[in-house]
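Undergrad: Below you'll find upload_22.pdb; it's PDB, C-alpha atoms, pLDDT in the B column.
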MODEL        1
ATOM      1  CA  MET A   1      80.341  67.353 125.595  1.00 47.00           C
ATOM      2  CA  LEU A   2      83.531  66.917 127.595  1.00 53.00           C
ATOM      3  CA  PHE A   3      83.956  69.161 130.600  1.00 55.00           C
ATOM      4  CA  ARG A   4      87.649  69.712 131.075  1.00 65.00           C
ATOM      5  CA  LYS A   5      88.075  73.254 132.261  1.00 67.00           C
ATOM      6  CA  LYS A   6      87.292  73.973 135.873  1.00 72.00           C
ATOM      7  CA  CYS A   7      86.934  77.642 136.663  1.00 74.00           C
ATOM      8  CA  SER A   8      89.324  78.750 139.397  1.00 74.00           C
ATOM      9  CA  ASN A   9      86.966  81.621 140.196  1.00 73.00           C
ATOM     10  CA  CYS A  10      83.631  79.807 140.741  1.00 77.00           C
ATOM     11  CA  GLY A  11      84.496  76.104 140.332  1.00 77.00           C
ATOM     12  CA  ALA A  12      82.094  75.552 137.414  1.00 76.00           C
ATOM     13  CA  LYS A  13      82.968  72.850 134.882  1.00 76.00           C
ATOM     14  CA  ASN A  14      83.246  74.125 131.290  1.00 68.00           C
ATOM     15  CA  PRO A  15      83.733  72.583 127.835  1.00 70.00           C
ATOM     16  CA  LYS A  16      87.394  72.357 126.898  1.00 66.00           C
ATOM     17  CA  ASP A  17      87.188  74.779 123.956  1.00 63.00           C
ATOM     18  CA  VAL A  18      85.707  77.823 125.718  1.00 65.00           C
ATOM     19  CA  THR A  19      87.682  80.964 126.444  1.00 64.00           C
ATOM     20  CA  ALA A  20      85.564  82.142 129.380  1.00 67.00           C
ATOM     21  CA  CYS A  21      83.637  80.440 132.186  1.00 68.00           C
ATOM     22  CA  ALA A  22      79.987  79.790 131.392  1.00 68.00           C
ATOM     23  CA  GLY A  23      79.116  80.247 135.067  1.00 70.00           C
ATOM     24  CA  CYS A  24      80.781  83.523 136.017  1.00 72.00           C
ATOM     25  CA  GLY A  25      82.266  84.817 132.737  1.00 69.00           C
ATOM     26  CA  ALA A  26      85.846  84.837 134.009  1.00 67.00           C
ATOM     27  CA  PRO A  27      88.293  84.498 131.095  1.00 68.00           C
ATOM     28  CA  PHE A  28      90.540  81.453 130.891  1.00 63.00           C
ATOM     29  CA  GLU A  29      94.222  81.999 130.172  1.00 63.00           C
ATOM     30  CA  LEU A  30      95.174  81.430 126.584  1.00 52.00           C
ATOM     31  CA  LYS A  31      97.971  79.060 125.855  1.00 51.00           C
ATOM     32  CA  GLN A  32     101.256  80.878 125.267  1.00 49.00           C
ATOM     33  CA  MET A  33     101.635  79.479 121.723  1.00 52.00           C
ATOM     34  CA  ALA A  34      98.219  80.822 120.709  1.00 55.00           C
ATOM     35  CA  VAL A  35      99.093  84.254 122.065  1.00 48.00           C
ATOM     36  CA  GLN A  36     102.431  84.291 120.240  1.00 57.00           C
ATOM     37  CA  LYS A  37     100.769  83.217 116.985  1.00 60.00           C
ATOM     38  CA  THR A  38      98.143  85.934 117.308  1.00 54.00           C
ATOM     39  CA  ILE A  39     100.801  88.573 117.962  1.00 53.00           C
ATOM     40  CA  LYS A  40     102.850  87.341 114.997  1.00 62.00           C
ATOM     41  CA  ASN A  41      99.828  87.417 112.672  1.00 62.00           C
ATOM     42  CA  TYR A  42      98.883  90.894 113.844  1.00 53.00           C
ATOM     43  CA  GLY A  43     102.466  92.032 113.286  1.00 59.00           C
ATOM     44  CA  GLU A  44     102.378  90.705 109.727  1.00 65.00           C
ATOM     45  CA  VAL A  45      99.135  92.549 109.023  1.00 55.00           C
ATOM     46  CA  LEU A  46     100.587  95.789 110.394  1.00 53.00           C
ATOM     47  CA  HIS A  47     103.754  95.317 108.331  1.00 61.00           C
ATOM     48  CA  GLU A  48     101.716  94.762 105.161  1.00 61.00           C
ATOM     49  CA  LYS A  49      99.602  97.837 105.899  1.00 57.00           C
ATOM     50  CA  THR A  50     102.787  99.880 106.455  1.00 61.00           C
ATOM     51  CA  MET A  51     104.379  98.642 103.243  1.00 65.00           C
ATOM     52  CA  HIS A  52     101.197  99.153 101.172  1.00 61.00           C
ATOM     53  CA  PRO A  53      98.995 101.656 103.024  1.00 60.00           C
ATOM     54  CA  ASN A  54      96.592 102.255 100.153  1.00 60.00           C
ATOM     55  CA  ILE A  55      96.293  98.737  98.772  1.00 60.00           C
ATOM     56  CA  MET A  56      92.621  98.335  99.645  1.00 65.00           C
ATOM     57  CA  ASP A  57      91.805 101.798  98.339  1.00 83.00           C
ATOM     58  CA  THR A  58      93.676 101.316  95.054  1.00 87.00           C
ATOM     59  CA  ASP A  59      91.973  97.991  94.433  1.00 87.00           C
ATOM     60  CA  ALA A  60      88.583  99.514  95.261  1.00 87.00           C
ATOM     61  CA  CYS A  61      89.158 102.426  92.866  1.00 89.00           C
ATOM     62  CA  ASN A  62      90.341 100.086  90.143  1.00 91.00           C
ATOM     63  CA  THR A  63      87.320  97.807  90.614  1.00 90.00           C
ATOM     64  CA  ARG A  64      84.902 100.748  90.517  1.00 91.00           C
ATOM     65  CA  GLY A  65      86.673 101.973  87.388  1.00 92.00           C
ATOM     66  CA  ASN A  66      86.207  98.576  85.754  1.00 91.00           C
ATOM     67  CA  ARG A  67      82.476  98.619  86.573  1.00 90.00           C
ATOM     68  CA  TYR A  68      82.150 102.086  85.005  1.00 90.00           C
ATOM     69  CA  LEU A  69      84.173 100.919  81.996  1.00 91.00           C
ATOM     70  CA  GLU A  70      81.813  97.948  81.532  1.00 89.00           C
ATOM     71  CA  GLN A  71      78.881 100.393  81.536  1.00 89.00           C
ATOM     72  CA  ARG A  72      80.743 102.677  79.090  1.00 90.00           C
ATOM     73  CA  GLN A  73      80.746 105.502  81.638  1.00 91.00           C
ATOM     74  CA  LEU A  74      84.212 106.426  80.418  1.00 95.00           C
ATOM     75  CA  GLY A  75      84.633 109.720  82.274  1.00 96.00           C
ATOM     76  CA  ARG A  76      83.842 108.138  85.624  1.00 94.00           C
ATOM     77  CA  ALA A  77      86.051 105.135  84.823  1.00 94.00           C
ATOM     78  CA  ILE A  78      88.969 107.442  84.009  1.00 97.00           C
ATOM     79  CA  GLU A  79      88.442 109.304  87.290  1.00 95.00           C
ATOM     80  CA  GLU A  80      88.508 106.069  89.313  1.00 93.00           C
ATOM     81  CA  PHE A  81      91.601 104.741  87.556  1.00 95.00           C
ATOM     82  CA  GLY A  82      93.238 108.129  88.075  1.00 96.00           C
ATOM     83  CA  GLU A  83      92.485 107.983  91.796  1.00 93.00           C
ATOM     84  CA  ALA A  84      94.034 104.496  92.010  1.00 92.00           C
ATOM     85  CA  ILE A  85      97.135 105.861  90.261  1.00 96.00           C
ATOM     86  CA  ARG A  86      97.247 108.867  92.597  1.00 93.00           C
ATOM     87  CA  LEU A  87      97.188 106.504  95.588  1.00 90.00           C
ATOM     88  CA  ASP A  88      99.837 104.216  94.089  1.00 91.00           C
ATOM     89  CA  PRO A  89     101.761 105.687  91.126  1.00 95.00           C
ATOM     90  CA  LYS A  90     103.288 102.254  90.405  1.00 95.00           C
ATOM     91  CA  TYR A  91      99.943 100.450  90.100  1.00 94.00           C
ATOM     92  CA  ALA A  92     100.393  99.194  86.542  1.00 95.00           C
ATOM     93  CA  VAL A  93      96.922  97.670  86.178  1.00 95.00           C
ATOM     94  CA  ALA A  94      95.236 101.047  86.665  1.00 96.00           C
ATOM     95  CA  TYR A  95      97.377 102.566  83.875  1.00 97.00           C
ATOM     96  CA  GLY A  96      96.378  99.761  81.519  1.00 96.00           C
ATOM     97  CA  ASN A  97      92.715 100.105  82.400  1.00 96.00           C
ATOM     98  CA  ARG A  98      92.769 103.889  82.060  1.00 97.00           C
ATOM     99  CA  ALA A  99      94.525 103.509  78.708  1.00 97.00           C
ATOM    100  CA  MET A 100      91.648 101.338  77.490  1.00 96.00           C
ATOM    101  CA  ALA A 101      89.123 103.910  78.704  1.00 96.00           C
ATOM    102  CA  TYR A 102      90.997 106.687  76.896  1.00 97.00           C
ATOM    103  CA  LYS A 103      91.129 104.526  73.763  1.00 95.00           C
ATOM    104  CA  LEU A 104      87.371 103.959  73.867  1.00 95.00           C
ATOM    105  CA  GLN A 105      86.915 107.685  74.438  1.00 96.00           C
ATOM    106  CA  GLY A 106      88.976 108.405  71.319  1.00 95.00           C
ATOM    107  CA  ASN A 107      91.802 110.124  73.209  1.00 97.00           C
ATOM    108  CA  LYS A 108      94.767 108.524  71.430  1.00 96.00           C
ATOM    109  CA  ILE A 109      97.497 110.664  72.986  1.00 97.00           C
ATOM    110  CA  ARG A 110      96.506 109.890  76.561  1.00 98.00           C
ATOM    111  CA  ALA A 111      95.828 106.234  75.729  1.00 97.00           C
ATOM    112  CA  ILE A 112      99.314 105.843  74.262  1.00 97.00           C
ATOM    113  CA  ALA A 113     100.898 107.607  77.270  1.00 98.00           C
ATOM    114  CA  ASP A 114      99.122 105.292  79.709  1.00 98.00           C
ATOM    115  CA  PHE A 115      99.929 102.174  77.689  1.00 97.00           C
ATOM    116  CA  GLU A 116     103.596 103.208  77.691  1.00 98.00           C
ATOM    117  CA  LYS A 117     103.531 103.739  81.469  1.00 98.00           C
ATOM    118  CA  PHE A 118     101.847 100.319  81.840  1.00 97.00           C
ATOM    119  CA  ILE A 119     104.604  98.745  79.725  1.00 97.00           C
ATOM    120  CA  ALA A 120     107.257 100.345  81.933  1.00 97.00           C
ATOM    121  CA  LEU A 121     105.647  99.100  85.159  1.00 97.00           C
ATOM    122  CA  THR A 122     104.332  95.606  84.409  1.00 94.00           C
ATOM    123  CA  PRO A 123     106.633  92.586  84.666  1.00 93.00           C
ATOM    124  CA  ASP A 124     104.408  90.294  82.547  1.00 93.00           C
ATOM    125  CA  PRO A 125     105.882  89.870  79.020  1.00 93.00           C
ATOM    126  CA  ARG A 126     102.541  88.731  77.610  1.00 94.00           C
ATOM    127  CA  LEU A 127     100.784  91.860  78.856  1.00 94.00           C
ATOM    128  CA  ILE A 128     103.649  94.023  77.622  1.00 95.00           C
ATOM    129  CA  GLN A 129     103.216  92.554  74.139  1.00 96.00           C
ATOM    130  CA  ILE A 130      99.458  93.231  74.181  1.00 94.00           C
ATOM    131  CA  ALA A 131     100.038  96.827  75.310  1.00 96.00           C
ATOM    132  CA  LYS A 132     102.669  97.352  72.591  1.00 97.00           C
ATOM    133  CA  GLN A 133     100.150  96.130  70.006  1.00 96.00           C
ATOM    134  CA  GLN A 134      97.624  98.631  71.362  1.00 95.00           C
ATOM    135  CA  VAL A 135     100.169 101.473  71.066  1.00 97.00           C
ATOM    136  CA  GLU A 136     101.036 100.438  67.530  1.00 96.00           C
ATOM    137  CA  GLU A 137      97.354 100.277  66.581  1.00 94.00           C
ATOM    138  CA  LEU A 138      96.689 103.710  68.062  1.00 95.00           C
ATOM    139  CA  ALA A 139      99.758 105.257  66.431  1.00 94.00           C
ATOM    140  CA  THR A 140      98.783 104.066  62.943  1.00 91.00           C
ATOM    141  CA  LYS A 141      95.156 105.289  63.045  1.00 73.00           C
TER     142      LYS A 141
ENDMDL
END
Step by step, read the file and then write its structure as structure tokens.
TA:
Amino acid sequence: MLFRKKCSNCGAKNPKDVTACAGCGAPFELKQMAVQKTIKNYGEVLHEKTMHPNIMDTDACNTRGNRYLEQRQLGRAIEEFGEAIRLDPKYAVAYGNRAMAYKLQGNKIRAIADFEKFIALTPDPRLIQIAKQQVEELATK
């Protein structure tokens, strides 16, 4: 172990990678670059949280909805997907998932409405095509 940091408070020698003196606990000054990087990273996190305040909640609701859907607890799945949509009305994935739950429940009208909303919101042409096929299938039954 290399001792490179000498504490200005007590004179103890410390390993070079510590942030506080092992002898007296006095903190060592952080290098300016590390401080600036930390502030920048924190700023980016705050910006992301400001731009998408409910992102963690919407993902959590959508995930819970998927677990309920897997267990065929359709009512609970629909509630969770609905909560994700309430938190972020442009969250396309939740519309697609809720549409599938409605389809499995036999509620064609609501399934078609959610598939159409999904189509309007998603940028993925492959997923749009799949959703259009679902709407067509539901409309012809």
Undergrad: Just to confirm, what's the straight-line distance from CA of Ile78 in chain A to CA of Thr122 in chain A in Å (one decimal)?
TA: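 Separation of CA of Ile78 in chain A and CA of Thr122 in chain A: 19.4 Å.
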Undergrad: So what does the PyMOL selection byres ((chain A and resi 85-87) around 10) actually pick up in this one, as a short mmCIF file (atom, residue, chain, number, x, y, z; two decimals) with C-alpha atoms, in the coordinates of the input?
TA:
data_model
loop_
_atom_site.label_atom_id
_atom_site.label_comp_id
_atom_site.auth_asym_id
_atom_site.auth_seq_id
_atom_site.Cartn_x
_atom_site.Cartn_y
_atom_site.Cartn_z
CA PRO A 53 99.00 101.66 103.02
CA ASN A 54 96.59 102.26 100.15
CA ILE A 55 96.29 98.74 98.77
CA ASP A 57 91.80 101.80 98.34
CA THR A 58 93.68 101.32 95.05
CA CYS A 61 89.16 102.43 92.87
CA ASN A 62 90.34 100.09 90.14
CA GLU A 79 88.44 109.30 87.29
CA GLU A 80 88.51 106.07 89.31
CA PHE A 81 91.60 104.74 87.56
CA GLY A 82 93.24 108.13 88.08
CA GLU A 83 92.48 107.98 91.80
CA ALA A 84 94.03 104.50 92.01
CA ASP A 88 99.84 104.22 94.09
CA PRO A 89 101.76 105.69 91.13
CA LYS A 90 103.29 102.25 90.40
CA TYR A 91 99.94 100.45 90.10
CA ALA A 92 100.39 99.19 86.54
CA VAL A 93 96.92 97.67 86.18
CA ALA A 94 95.24 101.05 86.66
CA TYR A 95 97.38 102.57 83.88
CA ARG A 98 92.77 103.89 82.06
#
Undergrad: Do you know which residues are at most 10 Å from Leu138 in chain A counting only C-alpha atoms, after dropping those on the same chain fewer than 2 positions away, and could you put them as a PDB file with C-alpha atoms, in the frame of the given file?
TA:
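The resulting file, around30.pdb, is shown below:
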ATOM      1  CA  LYS A 103      91.129 104.526  73.763  1.00 95.00           C
ATOM      2  CA  GLY A 106      88.976 108.405  71.319  1.00 95.00           C
ATOM      3  CA  ASN A 107      91.802 110.124  73.209  1.00 97.00           C
ATOM      4  CA  LYS A 108      94.767 108.524  71.430  1.00 96.00           C
ATOM      5  CA  ILE A 109      97.497 110.664  72.986  1.00 97.00           C
ATOM      6  CA  ALA A 111      95.828 106.234  75.729  1.00 97.00           C
ATOM      7  CA  ILE A 112      99.314 105.843  74.262  1.00 97.00           C
ATOM      8  CA  LYS A 132     102.669  97.352  72.591  1.00 97.00           C
ATOM      9  CA  GLN A 133     100.150  96.130  70.006  1.00 96.00           C
ATOM     10  CA  GLN A 134      97.624  98.631  71.362  1.00 95.00           C
ATOM     11  CA  VAL A 135     100.169 101.473  71.066  1.00 97.00           C
ATOM     12  CA  GLU A 136     101.036 100.438  67.530  1.00 96.00           C
ATOM     13  CA  THR A 140      98.783 104.066  62.943  1.00 91.00           C
ATOM     14  CA  LYS A 141      95.156 105.289  63.045  1.00 73.00           C
TER      15      LYS A 141
END
Undergrad: For Gln105 in chain A, which residue among A:Leu69, A:Ala139, A:Ile119, A:Leu127 is the nearest when counting all atoms listed in the file?
TA: A:Leu69
Undergrad: To one decimal place in Å, what is the distance between CA of Ile130 in chain A and CA of Leu104 in chain A?
TA: 16.2 Å
